[in-house]
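Trainee: So I've got this file, structure_29.txt, and it contains compact mmCIF, C-alpha atoms and all ligand atoms:
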```txt
# COMPACT_ATOMS: atom_id res chain seq x y z
CA MET A 1 -91.18 -63.07 129.80
CA ALA A 2 -92.89 -59.91 128.59
CA ALA A 3 -91.89 -56.68 130.30
CA PRO A 4 -94.53 -55.23 132.66
CA PRO A 5 -96.49 -52.22 131.32
CA ILE A 6 -94.85 -49.79 133.77
CA THR A 7 -91.41 -50.79 132.46
CA LEU A 8 -92.65 -50.33 128.89
CA ALA A 9 -94.16 -46.93 129.74
CA ALA A 10 -90.88 -45.81 131.32
CA GLU A 11 -88.97 -46.86 128.20
CA LEU A 12 -91.57 -45.10 126.05
CA LEU A 13 -91.01 -41.86 127.97
CA ASP A 14 -87.26 -42.16 127.35
CA VAL A 15 -87.78 -42.85 123.65
CA VAL A 16 -90.23 -39.96 123.24
CA LYS A 17 -87.80 -37.61 125.02
CA LEU A 18 -85.09 -38.73 122.63
CA ILE A 19 -87.31 -37.99 119.61
CA TYR A 20 -88.55 -34.60 120.79
CA ASP A 21 -85.64 -33.25 122.80
CA PRO A 22 -84.70 -30.12 120.81
CA ALA A 23 -81.27 -29.99 122.43
CA GLY A 24 -80.38 -33.60 121.60
CA ASP A 25 -77.83 -34.04 118.82
CA LYS A 26 -79.09 -37.36 117.56
CA GLY A 27 -78.71 -38.41 113.95
CA GLU A 28 -81.52 -39.13 111.51
CA CYS A 29 -81.04 -42.91 111.82
CA GLU A 30 -81.22 -42.75 115.59
CA THR A 31 -84.46 -40.77 115.45
CA TYR A 32 -85.89 -43.20 112.93
CA GLU A 33 -85.07 -46.19 115.12
CA ALA A 34 -86.50 -44.36 118.14
CA ARG A 35 -89.76 -43.75 116.28
CA GLN A 36 -89.95 -47.41 115.27
CA ARG A 37 -89.36 -48.38 118.90
CA ALA A 38 -91.98 -45.89 120.14
CA ARG A 39 -94.55 -47.44 117.84
CA GLN A 40 -93.70 -50.97 118.99
CA LEU A 41 -93.99 -49.89 122.61
CA LEU A 42 -97.28 -48.10 122.00
CA GLU A 43 -98.73 -51.15 120.29
CA THR A 44 -97.62 -53.45 123.09
CA LEU A 45 -98.92 -51.05 125.71
CA THR A 46 -102.28 -50.74 123.94
CA LYS A 47 -102.57 -54.53 123.96
CA ASP A 48 -101.59 -54.74 127.63
CA VAL A 49 -103.85 -51.91 128.77
CA LEU A 50 -106.90 -53.08 126.84
CA GLY A 51 -106.42 -56.77 127.60
CA PRO A 52 -106.97 -59.70 125.23
CA HIS A 53 -110.73 -59.26 124.71
CA ALA A 54 -110.98 -55.54 124.01
CA TYR A 55 -107.73 -55.56 122.03
CA THR A 56 -108.86 -58.46 119.82
CA ILE A 57 -112.14 -56.72 119.11
CA CYS A 58 -110.26 -53.54 118.21
CA ILE A 59 -108.11 -55.46 115.71
CA ALA A 60 -111.18 -57.14 114.22
CA GLU A 61 -113.00 -53.83 113.98
CA SER A 62 -110.16 -51.99 112.31
CA CYS A 63 -111.73 -52.93 108.97
CA HIS A 64 -114.52 -50.48 109.80
CA GLU A 65 -112.01 -47.69 110.29
CA SER A 66 -110.36 -48.54 107.00
CA ALA A 67 -113.78 -48.52 105.27
CA ALA A 68 -114.65 -45.15 106.81
CA LEU A 69 -111.32 -43.70 105.71
CA ARG A 70 -111.95 -44.98 102.20
CA LEU A 71 -115.44 -43.47 102.14
CA VAL A 72 -114.36 -39.97 103.10
CA THR A 73 -111.29 -40.15 100.84
CA GLU A 74 -112.88 -41.58 97.74
CA CYS A 75 -115.89 -39.26 98.01
CA GLY A 76 -113.54 -36.29 98.21
CA VAL A 77 -114.86 -34.99 101.52
CA ALA A 78 -111.69 -33.09 102.38
CA ASP A 79 -111.78 -31.36 98.98
CA ALA A 80 -115.48 -30.56 99.37
CA ILE A 81 -114.81 -28.91 102.73
CA GLY A 82 -111.87 -26.96 101.33
CA ASP A 83 -110.42 -24.20 103.45
CA GLY A 84 -113.62 -23.33 105.31
CA ALA A 85 -116.10 -25.27 107.45
CA LYS A 86 -119.18 -27.20 106.27
CA PRO A 87 -122.12 -29.04 107.78
CA VAL A 88 -122.46 -32.74 106.89
CA ALA A 89 -125.67 -32.03 104.95
CA GLU A 90 -123.86 -29.63 102.65
CA ILE A 91 -120.88 -31.95 102.21
CA SER A 92 -123.17 -34.84 101.28
CA ALA A 93 -124.94 -32.68 98.68
CA ASP A 94 -121.60 -31.50 97.27
CA VAL A 95 -120.10 -34.97 96.90
CA GLY A 96 -123.38 -36.61 95.90
CA VAL A 97 -123.69 -39.28 98.61
CA GLY A 98 -126.32 -40.02 101.26
CA ILE A 99 -125.96 -38.15 104.50
CA ARG A 100 -126.41 -41.09 106.88
CA TYR A 101 -123.31 -43.17 106.17
CA LEU A 102 -121.27 -40.12 105.38
CA GLY A 103 -122.04 -38.78 108.86
CA ILE A 104 -121.11 -42.11 110.45
CA ALA A 105 -117.86 -42.32 108.49
CA LEU A 106 -116.96 -38.72 109.32
CA ARG A 107 -117.50 -39.29 113.04
CA CYS A 108 -115.49 -42.51 112.86
CA VAL A 109 -112.44 -40.92 111.24
CA ASN A 110 -112.87 -37.80 113.38
CA ALA A 111 -112.36 -40.00 116.45
CA LEU A 112 -109.08 -41.09 114.86
CA GLY A 113 -107.91 -37.50 114.40
CA TYR A 114 -109.16 -36.58 110.90
CA PHE A 115 -111.12 -33.33 110.48
CA GLU A 116 -112.14 -30.99 113.25
CA GLN A 117 -115.66 -30.70 114.58
CA VAL A 118 -116.42 -26.99 114.66
CA GLY A 119 -118.16 -26.15 117.92
CA GLY A 120 -117.09 -29.31 119.71
CA LEU A 121 -118.23 -32.89 120.02
CA GLY A 122 -121.58 -33.63 118.37
CA SER A 123 -121.46 -30.64 116.05
CA PRO A 124 -122.48 -31.45 112.46
CA VAL A 125 -119.99 -28.94 111.08
CA PHE A 126 -116.52 -30.07 110.04
CA LYS A 127 -113.36 -28.41 108.85
CA ASN A 128 -110.05 -29.82 107.67
CA ASN A 129 -107.04 -30.27 109.89
CA GLU A 130 -103.44 -31.40 109.30
CA MET A 131 -104.55 -35.05 109.09
CA SER A 132 -107.47 -34.59 106.67
CA ASN A 133 -105.56 -32.15 104.48
CA ILE A 134 -103.40 -34.99 103.14
CA LEU A 135 -106.57 -36.62 101.79
CA ARG A 136 -107.14 -33.62 99.49
CA GLN A 137 -106.41 -34.23 95.83
CA GLY A 138 -104.52 -31.00 95.43
CA HIS A 139 -102.33 -31.31 98.52
CA PRO A 140 -98.69 -31.32 97.39
CA HIS A 141 -98.12 -34.53 99.34
CA THR A 142 -101.55 -36.07 99.06
CA LEU A 143 -102.13 -39.71 100.04
CA LYS A 144 -105.53 -39.86 98.32
CA ASP A 145 -104.65 -42.51 95.74
CA ALA A 146 -102.58 -44.51 98.22
CA VAL A 147 -105.45 -44.60 100.70
CA GLU A 148 -107.85 -45.66 97.96
CA LEU A 149 -105.50 -48.38 96.67
CA ILE A 150 -105.05 -49.78 100.17
CA CYS A 151 -108.62 -49.37 101.44
CA ASP A 152 -110.29 -50.50 98.20
CA ASP A 153 -108.09 -52.89 96.16
CA GLY A 154 -106.05 -54.06 99.14
CA PHE A 155 -108.93 -54.24 101.60
CA LYS A 156 -111.20 -56.21 99.26
CA SER A 157 -108.39 -58.60 98.31
CA ALA A 158 -107.45 -59.15 101.95
CA ALA A 159 -111.06 -60.07 102.68
CA TYR A 160 -110.50 -63.15 100.49
CA PHE A 161 -107.36 -64.46 102.19
CA VAL A 162 -109.37 -67.24 103.83
CA GLU A 163 -110.84 -68.46 100.54
CA ALA A 164 -107.45 -68.25 98.79
CA THR A 165 -105.77 -70.12 101.63
CA ARG A 166 -108.44 -72.83 101.71
CA ALA A 167 -108.19 -73.29 97.96
CA ALA A 168 -104.41 -73.62 98.29
CA ALA A 169 -104.87 -76.59 100.62
CA ASP A 170 -105.30 -78.80 97.55
CA PRO A 171 -101.74 -79.40 96.34
CA ASN A 172 -103.03 -80.23 92.87
CA GLY A 173 -105.42 -77.32 92.76
CA ALA A 174 -104.74 -74.06 90.99
CA HIS A 175 -103.28 -71.32 93.15
CA THR A 176 -105.73 -68.44 92.97
CA PRO A 177 -104.63 -65.19 94.60
CA ALA A 178 -107.07 -63.42 96.88
CA SER A 179 -107.30 -60.44 94.51
CA ASN A 180 -108.56 -62.73 91.71
CA LEU A 181 -111.22 -64.17 94.00
CA ALA A 182 -112.20 -60.73 95.25
CA PHE A 183 -112.55 -59.15 91.83
CA GLY A 184 -113.56 -62.26 89.86
CA PHE A 185 -110.93 -62.54 87.14
CA THR A 186 -108.10 -64.85 86.11
CA GLY A 187 -104.48 -63.97 85.40
CA SER A 188 -102.26 -61.15 86.58
CA VAL A 189 -103.80 -58.32 88.55
CA PHE A 190 -101.40 -55.91 86.84
CA ARG A 191 -102.62 -56.95 83.42
CA ARG A 192 -106.21 -56.74 84.59
CA TRP A 193 -105.67 -53.16 85.68
CA LEU A 194 -104.42 -52.29 82.23
CA GLU A 195 -107.61 -53.42 80.50
CA PRO A 196 -109.59 -50.40 79.29
CA GLU A 197 -112.46 -51.00 81.71
CA HIS A 198 -110.15 -51.21 84.73
CA ALA A 199 -107.40 -48.90 83.56
CA TRP A 200 -108.37 -46.31 86.17
CA ARG A 201 -107.20 -48.77 88.84
CA GLY A 202 -103.84 -49.12 87.07
CA LYS A 203 -103.49 -45.35 86.91
CA ARG A 204 -104.46 -45.06 90.55
CA MET A 205 -101.84 -47.65 91.47
CA GLY A 206 -99.18 -45.60 89.67
CA GLN A 207 -100.13 -42.46 91.60
CA ALA A 208 -100.37 -44.45 94.83
CA MET A 209 -96.84 -45.78 94.38
CA LYS A 210 -95.61 -42.24 93.87
CA GLN A 211 -97.32 -41.07 97.05
CA LEU A 212 -96.13 -44.04 99.11
CA HIS A 213 -92.56 -43.60 97.92
CA HIS A 214 -92.71 -39.95 98.84
CA ALA A 215 -93.90 -40.88 102.32
CA ALA A 216 -91.37 -43.64 102.95
CA ASN A 217 -88.57 -43.60 100.42
CA ARG A 218 -87.79 -40.09 99.28
CA ASN A 219 -84.35 -40.30 100.90
CA VAL A 220 -83.35 -43.12 98.58
CA ILE A 221 -82.39 -40.47 96.08
CA THR A 222 -79.68 -38.84 98.18
CA GLY A 223 -78.90 -41.81 100.42
CA PHE A 224 -77.76 -44.25 97.78
CA ASP A 225 -74.71 -44.03 95.57
CA TRP A 226 -76.55 -43.71 92.27
CA GLN A 227 -73.66 -41.92 90.60
CA GLY A 228 -71.48 -44.92 91.39
CA LEU A 229 -73.65 -47.22 89.32
CA ALA A 230 -73.03 -48.00 85.69
CA SER A 231 -75.67 -46.77 83.29
CA PRO A 232 -78.25 -47.64 82.31
CA ILE A 233 -80.02 -48.41 85.55
CA VAL A 234 -82.74 -50.85 84.61
CA ASP A 235 -85.85 -50.62 86.74
CA VAL A 236 -87.76 -53.85 86.27
CA GLY A 237 -91.44 -53.41 87.01
CA GLY A 238 -90.66 -49.73 87.39
CA GLY A 239 -94.27 -48.54 87.12
CA ILE A 240 -94.58 -45.00 85.83
CA GLY A 241 -90.98 -44.29 86.77
CA THR A 242 -91.45 -42.46 90.05
CA LEU A 243 -87.94 -43.35 91.11
CA GLU A 244 -86.43 -42.16 87.83
CA MET A 245 -88.35 -38.88 88.07
CA MET A 246 -86.95 -38.28 91.55
CA LEU A 247 -83.45 -39.14 90.31
CA ALA A 248 -83.74 -36.88 87.31
CA ARG A 249 -84.88 -34.03 89.56
CA GLU A 250 -82.02 -34.54 92.01
CA TYR A 251 -79.29 -35.05 89.42
CA PRO A 252 -80.46 -32.96 86.43
CA LEU A 253 -77.08 -32.76 84.79
CA SER A 254 -76.05 -36.28 85.51
CA GLU A 255 -74.86 -38.54 82.77
CA PHE A 256 -76.50 -41.64 84.02
CA SER A 257 -79.54 -42.99 82.28
CA SER A 258 -82.31 -45.42 83.11
CA VAL A 259 -84.39 -48.02 81.38
CA LEU A 260 -87.93 -48.20 82.61
CA PHE A 261 -89.20 -51.71 81.98
CA ASP A 262 -92.83 -52.61 82.58
CA LEU A 263 -95.95 -54.02 80.94
CA GLN A 264 -97.05 -52.27 77.77
CA GLY A 265 -100.03 -50.42 79.28
CA THR A 266 -97.97 -49.22 82.23
CA ILE A 267 -95.29 -47.94 79.89
CA ALA A 268 -98.02 -46.01 78.04
CA ASN A 269 -99.09 -44.49 81.38
CA ALA A 270 -95.46 -43.74 82.17
CA LYS A 271 -94.97 -41.88 78.90
CA GLU A 272 -98.03 -39.78 79.72
CA ALA A 273 -96.67 -39.01 83.17
CA TRP A 274 -93.29 -37.98 81.72
CA LYS A 275 -94.76 -35.75 78.99
CA PRO A 276 -94.83 -32.55 81.07
CA LEU A 277 -91.15 -32.90 82.04
CA LEU A 278 -88.29 -31.19 80.27
CA SER A 279 -87.07 -32.89 77.13
CA THR A 280 -83.56 -33.12 78.64
CA THR A 281 -85.05 -34.94 81.61
CA ARG A 282 -87.04 -37.25 79.37
CA ALA A 283 -83.87 -38.01 77.44
CA GLN A 284 -82.42 -39.67 80.54
CA VAL A 285 -84.97 -42.47 80.32
CA ASP A 286 -85.72 -45.19 77.82
CA PHE A 287 -89.15 -46.75 78.01
CA VAL A 288 -89.25 -50.45 77.28
CA ALA A 289 -92.45 -52.47 77.26
CA GLY A 290 -92.36 -56.18 77.98
CA SER A 291 -92.94 -58.82 80.59
CA PHE A 292 -90.26 -60.13 82.91
CA LEU A 293 -92.12 -63.42 82.87
CA SER A 294 -91.98 -63.74 79.11
CA SER A 295 -89.54 -66.16 77.55
CA GLU A 296 -89.17 -63.94 74.51
CA PRO A 297 -86.05 -61.76 74.40
CA ASP A 298 -86.72 -58.04 74.59
CA GLN A 299 -84.83 -54.88 73.78
CA THR A 300 -83.03 -54.68 77.14
CA GLY A 301 -81.57 -58.16 77.15
CA ILE A 302 -82.77 -58.56 80.72
CA PRO A 303 -82.31 -62.18 81.72
CA ARG A 304 -85.43 -64.04 82.80
CA TYR A 305 -85.88 -64.62 86.48
CA PRO A 306 -88.80 -65.76 88.53
CA ALA A 307 -90.67 -62.58 89.30
CA SER A 308 -89.14 -60.33 91.91
CA THR A 309 -86.95 -62.84 93.69
CA ALA A 310 -83.46 -62.78 92.26
CA HIS A 311 -80.54 -60.44 91.96
CA ILE A 312 -79.99 -59.19 88.47
CA SER A 313 -76.37 -59.35 87.53
CA HIS A 314 -76.66 -58.86 83.79
CA PRO A 315 -74.32 -56.08 82.66
CA THR A 316 -77.20 -53.92 81.49
CA CYS A 317 -78.82 -54.14 84.89
CA ALA A 318 -76.83 -52.06 87.31
CA ALA A 319 -79.49 -51.86 89.94
CA ARG A 320 -82.97 -52.88 90.64
CA LEU A 321 -85.50 -51.40 93.00
CA ASP A 322 -88.80 -53.03 92.38
CA GLY A 323 -90.39 -52.33 95.70
CA ARG A 324 -90.29 -55.91 96.86
CA ARG A 325 -86.86 -57.45 97.38
CA GLY A 326 -85.03 -55.48 100.01
CA SER A 327 -87.96 -53.18 100.62
CA HIS A 328 -87.72 -53.93 104.34
CA HIS A 329 -84.77 -53.81 106.63
CA PRO A 330 -84.90 -56.56 109.30
CA GLN A 331 -85.43 -53.81 111.88
CA GLU A 332 -88.56 -52.75 110.07
CA ARG A 333 -90.29 -56.07 110.54
CA THR A 334 -93.55 -55.21 112.15
CA ARG A 335 -96.78 -57.01 112.73
CA GLY A 336 -97.64 -55.93 109.19
CA ASP A 337 -94.99 -57.99 107.45
CA GLY A 338 -96.23 -59.88 104.45
CA ARG A 339 -99.56 -58.13 104.23
CA PHE A 340 -100.04 -56.12 101.07
CA PRO A 341 -101.83 -53.24 102.78
CA ALA A 342 -99.01 -52.98 105.30
CA PHE A 343 -96.23 -53.10 102.75
CA PHE A 344 -95.10 -49.57 103.41
CA ARG A 345 -95.73 -49.58 107.11
CA VAL A 346 -92.60 -47.61 107.76
CA PHE A 347 -91.84 -43.97 108.39
CA ARG A 348 -89.78 -41.90 106.05
CA ARG A 349 -86.52 -43.81 105.96
CA PRO A 350 -83.48 -41.71 106.79
CA VAL A 351 -80.63 -40.93 104.45
CA GLY A 352 -78.38 -43.98 104.15
CA TRP A 353 -81.08 -46.45 105.19
CA HIS A 354 -81.61 -47.70 101.65
CA SER A 355 -77.98 -48.71 101.35
CA LYS A 356 -78.50 -50.81 104.49
CA ILE A 357 -81.64 -52.30 102.96
CA SER A 358 -79.87 -53.22 99.74
CA GLU A 359 -77.21 -55.05 101.75
CA ALA A 360 -79.72 -56.89 103.95
CA PRO A 361 -80.59 -60.44 103.01
CA SER A 362 -83.61 -60.84 100.79
CA LEU A 363 -86.75 -61.31 102.90
C1 LIG B 401 -96.26 -52.49 92.85
S1 LIG B 401 -95.87 -51.83 91.29
C2 LIG B 401 -94.30 -51.10 91.62
C3 LIG B 401 -93.95 -50.02 90.66
C4 LIG B 401 -92.58 -49.36 90.87
N1 LIG B 401 -91.50 -50.32 91.02
C5 LIG B 401 -92.59 -48.46 92.07
O1 LIG B 401 -92.00 -48.80 93.09
O2 LIG B 401 -93.23 -47.39 91.98
C6 LIG B 401 -95.39 -53.29 90.41
C7 LIG B 401 -95.09 -53.05 88.96
O3 LIG B 401 -94.71 -54.28 88.36
C8 LIG B 401 -95.23 -54.31 87.04
N2 LIG B 401 -95.32 -55.70 86.56
C9 LIG B 401 -96.11 -56.69 87.03
N3 LIG B 401 -95.93 -57.81 86.34
C10 LIG B 401 -95.00 -57.52 85.39
C11 LIG B 401 -94.38 -58.29 84.35
N4 LIG B 401 -94.71 -59.56 84.15
N5 LIG B 401 -93.44 -57.70 83.58
C12 LIG B 401 -93.11 -56.39 83.78
N6 LIG B 401 -93.66 -55.63 84.75
C13 LIG B 401 -94.60 -56.17 85.54
C14 LIG B 401 -96.59 -53.67 87.18
O4 LIG B 401 -97.12 -53.23 85.95
C15 LIG B 401 -96.30 -52.55 88.17
O5 LIG B 401 -95.97 -51.35 87.51
```
Write out the structure in this file as structure tokens.

Mentor:
Amino acid sequence: MAAPPITLAAELLDVVKLIYDPAGDKGECETYEARQRARQLLETLTKDVLGPHAYTICIAESCHESAALRLVTECGVADAIGDGAKPVAEISADVGVGIRYLGIALRCVNALGYFEQVGGLGSPVFKNNEMSNILRQGHPHTLKDAVELICDDGFKSAAYFVEATRAAADPNGAHTPASNLAFGFTGSVFRRWLEPEHAWRGKRMGQAMKQLHHAANRNVITGFDWQGLASPIVDVGGGIGTLEMMLAREYPLSEFSSVLFDLQGTIANAKEAWKPLLSTTRAQVDFVAGSFLSSEPDQTGIPRYPASTAHISHPTCAARLDGRRGSHHPQERTRGDGRFPAFFRVFRRPVGWHSKISEAPSL
């Protein structure tokens, strides 16, 4: 039987005290688990307090919040406001969009904690706050591309889950992913995003992965025994090599090397992204273009596996972090499991957590 709300609230108070008690000598993992627990409790309490009707409507309406967040992010509202304060009319002129929906979107995200209304509720003047600052392009830890990937590509694809699921009811029918239905194309979404007309989406995905990894996985660099692995580390589907960049930064003098393996266009993007780095850093990485689905041999000798499901035990493949297998620890299973937009629905994982993930059974 579910615990009564008062019991949940009492546990929540204990968990919050544990997180914020400055005198407590808890470890990073303990704090991480406490934060996960706090979120679970808050979600359960919200459901209990609102009741089935209001809660269900909130869940259904969350698409509006996502759309509003996309609007302000993609239009660059936080950048347009900058370090000062601006009325909506001026922001709309600066970013070149109509004032009406911009105003609605701004008020929607403001209710969720983004931006500050200067002069109180109802004021048309906004300024940035800690929450909206991370939507700015130039913020050192911006989430602009990640928000756009999730609220545009992910959101639109998710809107076609029903159609994709219905189509899959025919066992003889072709399996068409929701993203193909949403964007009207056939074949791999990754290849689609490498076509010249859609290449900006591919580039955005690369930046988004970087931002998401920074938010959730930056401790993988120090919390995993990279030095203990044999070189080269082959990163299959490694994108623009965010992981390798972080490794190279952390272990600049290390002798280990990596092979970044991805589709041809992505490898071209990766080479661009690596250009500004030191030549010694660049020397730690080999770029190899190919497809892990192809039956043709390639330069790495990577054995062919069904995409993203198997361990790689080939001698040239010392490790593999492709963002899918082992990307969740069982404790991180949340209501978001299995949904693309919720893939990274975790906090920054503590040092050592990634070793636990790599030992956990494949999900
Ligand atoms: C979600 S991204 C993850 C990128 C990177 N692992 C990271 O965590 O930042 C998936 C990557 O798989 C690559 N990919 C998809 N299909 C592929 C294939 N058949 N062969 C090689 N790479 C592929 C995509 O180009 C993309 O860079």

Trainee: Quick one: axis-aligned box around all listed atoms of ligand LIG 401 (chain B), 3 Å on every side, centre and edge lengths in Å to one decimal, written as lines of an AutoDock Vina configuration file.

Mentor:
```
center_x = -94.3
center_y = -53.5
center_z = 88.3
size_x = 11.6
size_y = 18.2
size_z = 15.5
```

Trainee: Which chain A residues have any atom within 7 Å of an atom of ligand LIG 401 (chain B), and for each, what is the nearest pair of atoms with distance in Å to one decimal, counting only C-alpha atoms and all ligand atoms, rows sorted by chain and number, as a Markdown table?

Mentor:
```
| residue | atom | partner | partner_atom | distance |
| --- | --- | --- | --- | --- |
| A:Phe190 | CA | B:LIG401 | O4 | 5.1 |
| A:Gly206 | CA | B:LIG401 | O2 | 6.6 |
| A:Met209 | CA | B:LIG401 | O2 | 4.6 |
| A:Lys210 | CA | B:LIG401 | O2 | 6.0 |
| A:Val236 | CA | B:LIG401 | N6 | 6.3 |
| A:Gly237 | CA | B:LIG401 | O3 | 3.6 |
| A:Gly238 | CA | B:LIG401 | N1 | 3.8 |
| A:Gly239 | CA | B:LIG401 | O5 | 3.3 |
| A:Ile240 | CA | B:LIG401 | O5 | 6.7 |
| A:Gly241 | CA | B:LIG401 | O2 | 6.5 |
| A:Thr242 | CA | B:LIG401 | O2 | 5.6 |
| A:Leu243 | CA | B:LIG401 | O2 | 6.7 |
| A:Phe261 | CA | B:LIG401 | C12 | 6.4 |
| A:Asp262 | CA | B:LIG401 | N6 | 3.8 |
| A:Leu263 | CA | B:LIG401 | C12 | 4.7 |
| A:Thr266 | CA | B:LIG401 | O4 | 5.5 |
| A:Gly290 | CA | B:LIG401 | C12 | 5.9 |
| A:Ser291 | CA | B:LIG401 | N5 | 3.2 |
| A:Phe292 | CA | B:LIG401 | N5 | 4.1 |
| A:Leu293 | CA | B:LIG401 | N4 | 4.8 |
| A:Leu321 | CA | B:LIG401 | N1 | 6.4 |
| A:Asp322 | CA | B:LIG401 | N1 | 4.1 |
| A:Gly323 | CA | B:LIG401 | O1 | 4.7 |
```

Trainee: Kindly give the distance, in Å, that separates atom CA of His175 of chain A and atom CA of Leu194 of chain A, rounded to a single decimal.

Mentor: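 These two atoms are separated by 22.0 Å.
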
Trainee: To one decimal place in Å, what is the distance between atom CA of Asp286 of chain A and atom CA of Trp226 of chain A?

Mentor: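 Calculated distance between atom CA of Asp286 of chain A and atom CA of Trp226 of chain A is 17.2 Å.
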
Trainee: Just give me the gap between atom CA of Gly113 of chain A and atom CA of Phe155 of chain A in Å, one decimal is fine.

Mentor: 21.1 Å

Trainee: Between A:Ala169, A:Leu106, A:Ala230, A:Ala2, which residue has the minimum interatomic distance to Leu69 of chain A, considering only C-alpha atoms?

Mentor: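 Ranked by minimum distance to Leu69 of chain A, first place goes to A:Leu106.
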
Trainee: For a quick check of understanding, using all atoms listed in the file, which of A:Ala89, A:Cys29, A:Val220, A:Leu149 has the smallest distance to Glu250 of chain A?

Mentor: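 Among the listed residues, A:Val220 lies closest to Glu250 of chain A.
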
Trainee: Choose the residue, out of A:Ala215, A:Ala199, A:Val118, A:Val189, that has the smallest atom-to-atom separation from Gly265 of chain A; count all atoms listed in the file.

Mentor: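 Ranking A:Ala215, A:Ala199, A:Val118, A:Val189 by distance to Gly265 of chain A, first place goes to A:Ala199.
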
Trainee: Just the residues within 7 Å of segment 36-52 of chain A, please, counting all atoms listed in the file, with nothing from its chain fewer than 5 positions along; format it as a VMD selection string.

Mentor: chain A and resid 5 8 12 15 to 16

Trainee: Env of Leu278 of chain A: 12 Å cut, atoms = only C-alpha atoms, seq-sep filter 4 positions within chain, self excluded. Answer as a PyMOL selection string.

Mentor: chain A and resi 245+248-249+252+273-274+282-285

Trainee: Rank nothing, just name the residue among A:Asp152, A:Pro177, A:His354, A:Arg349 nearest to Thr31 of chain A, using all atoms listed in the file.

Mentor: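 Checking each of A:Asp152, A:Pro177, A:His354, A:Arg349 against Thr31 of chain A, counting all atoms listed in the file, the winner is A:Arg349.
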
Trainee: Which residue is closest to Ala178 of chain A? Choose from A:Ala158, A:Trp193, A:Met1, A:Arg35 and count only C-alpha atoms.

Mentor: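 For Ala178 of chain A, the nearest of the given residues is A:Ala158.
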
Trainee: What's around Val97 of chain A at 10 Å? Count all atoms listed in the file, leave out sequence neighbours fewer than 6 positions away in its own chain, and write the answer as an MDAnalysis selection string.

Mentor: chainID A and resid 71 75 89 91

Trainee: Closest to Gly103 of chain A among A:Gly84, A:Gly76, A:Pro124, A:Pro276, using only C-alpha atoms?

Mentor: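 Closest to Gly103 of chain A of all the choices is A:Pro124.
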
Trainee: Mind listing as an MDAnalysis selection string all residues within 12 Å of (-108.7, -32.0, 107.5), counting only C-alpha atoms?

Mentor: chainID A and resid 72:73 76:86 106 109:110 112:118 126:136 139 142
